[in-house]
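Notes to accompany the following structure.
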Amino acid sequence: MTTAEKYVTAAYLVVLAVVLLYVVVYAFKLARLEREVSRLARLAAERRVPDEAPKVKPAEPARTVN
Amino acid sequence: MWLRNNRGVALAATAAFLLLTGISLAFFWVPDDVDQGFSQRIFYIHVPVALTAYACFGWGAWKALRLLWTRETRYDLESYTAVHMGVIFGILTLVTGSIWARISWGVWWSWGERQLVLFLVLFLFYSAYFMLRYSTEPGPRRERMSAVYALFGVVLIPVSFLAIRLAEGFIHPTVFTRDGPQMAGSMFFVFCVCLAGTLALAGALYANELLGKRVDASLRQLEEALA
């Protein structure tokens, strides 16, 4: 392999490496987003449980007939 | 409909196809350059990447203008993402250009070259965009400041692009002149394939990054609503 061939290959590999690095960084970001979604879903589920408790229809106040 | 909902996937697939084709053609099909020989093949990645960086900065400035014009918040995120992509392609331009300079001129960098220095100024200008953005609190003020900054930077693009044509006694080659591209038809074809590939790659990265940032912003809003 000549010097020119080495340099040309290096230039193309740099581009490939940067794109791959970007993919890795993006994978970490997606993992973080997934964790946050799970946390918020859990929080929403916890909120829903106390809300569901008084689902029994409250008794209507007695009507007075005049 | 599918294409509209999966723009990032479609662009990524197009970019992969065009770049693989372009790089294969650049290595195994195009003839060696008369002056530079095999090393001229860096041209097929360096110039498309540089033009893509200009396109990203230009796109960021356009979105910034739309923000200032319409006051719609979504343009802030779009402008920011475009500048982000421009900086990534700017790094690639500087690195591939430096490697090419080492083979052709025997040096990694030449401060005497206006084209190189102006591109570095443009790159540093847009790198400082992030410092400005994160030094102020989120809100309309930050959006407007970032937009004005992104818009100012776009002035440097034609200056950087024309510097090589206005300069006297340069060593950086001029390939595209008023008489058209100064290269063989096969070389120009491969260059166009690589340029389309890098533009599609930038589009794919932009679409995915924007999607990620929008999801991030929506999650933050949801968190505030649940708090």
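Convention: chains lettered A, B, ... in structure tokens order; per-chain residue numbering from 1; ligands numbered from 1 as shown.
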Problem - Distance-based interface of chain A with chain B, 6 Å, counting only C-alpha atoms, as an MDAnalysis selection string - result: chainID A and resid 4 8 11
With N, CA and C atoms retained, export the selected residues as an mmCIF file, in the first residue's frame.
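So the final result, stored in selection33.cif, reads:
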```
data_model
loop_
_atom_site.group_PDB
_atom_site.id
_atom_site.type_symbol
_atom_site.label_atom_id
_atom_site.label_comp_id
_atom_site.auth_asym_id
_atom_site.auth_seq_id
_atom_site.Cartn_x
_atom_site.Cartn_y
_atom_site.Cartn_z
ATOM 1 N N ALA A 4 0.034 7.450 -0.428
ATOM 2 C CA ALA A 4 -1.207 8.123 -0.869
ATOM 3 C C ALA A 4 -2.421 7.260 -0.571
ATOM 4 N N VAL A 8 -5.586 8.330 1.799
ATOM 5 C CA VAL A 8 -6.949 8.355 1.240
ATOM 6 C C VAL A 8 -7.858 7.446 2.055
ATOM 7 N N ALA A 11 -8.734 9.050 5.334
ATOM 8 C CA ALA A 11 -9.744 10.110 5.206
ATOM 9 C C ALA A 11 -11.155 9.513 5.182
#
```
Practice task
Report the distance between CA of Glu36 (chain A) and CA of Arg214 (chain B) in Å, rounded to one decimal place.
Solution key: 13.9 Å
Practice task
Would you mind reading off the distance between CA of Ala150 (chain B) and CA of Tyr26 (chain A), one decimal, in Å?
Solution key: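 Result for CA of Ala150 (chain B) versus CA of Tyr26 (chain A): 24.1 Å, one decimal.
Nearest residue to Ser218 (chain B), choosing from A:Val24, A:Leu33, A:Ala10, A:Val18 and counting only C-alpha atoms: A:Leu33.
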Handout entry: Distance in Å - CA of Gly86 (chain B) versus CA of Pro48 (chain B)
Key =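 Computed distance, CA of Gly86 (chain B) to CA of Pro48 (chain B), equals 12.6 Å.
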Exercise for the section: Pull the helix (DSSP H, G or I) assignments for region 79-141 of chain B out of DSSP run on the backbone, and list those residues as a ChimeraX atom specification. Expected result: /B:79-104,114-134,140-141
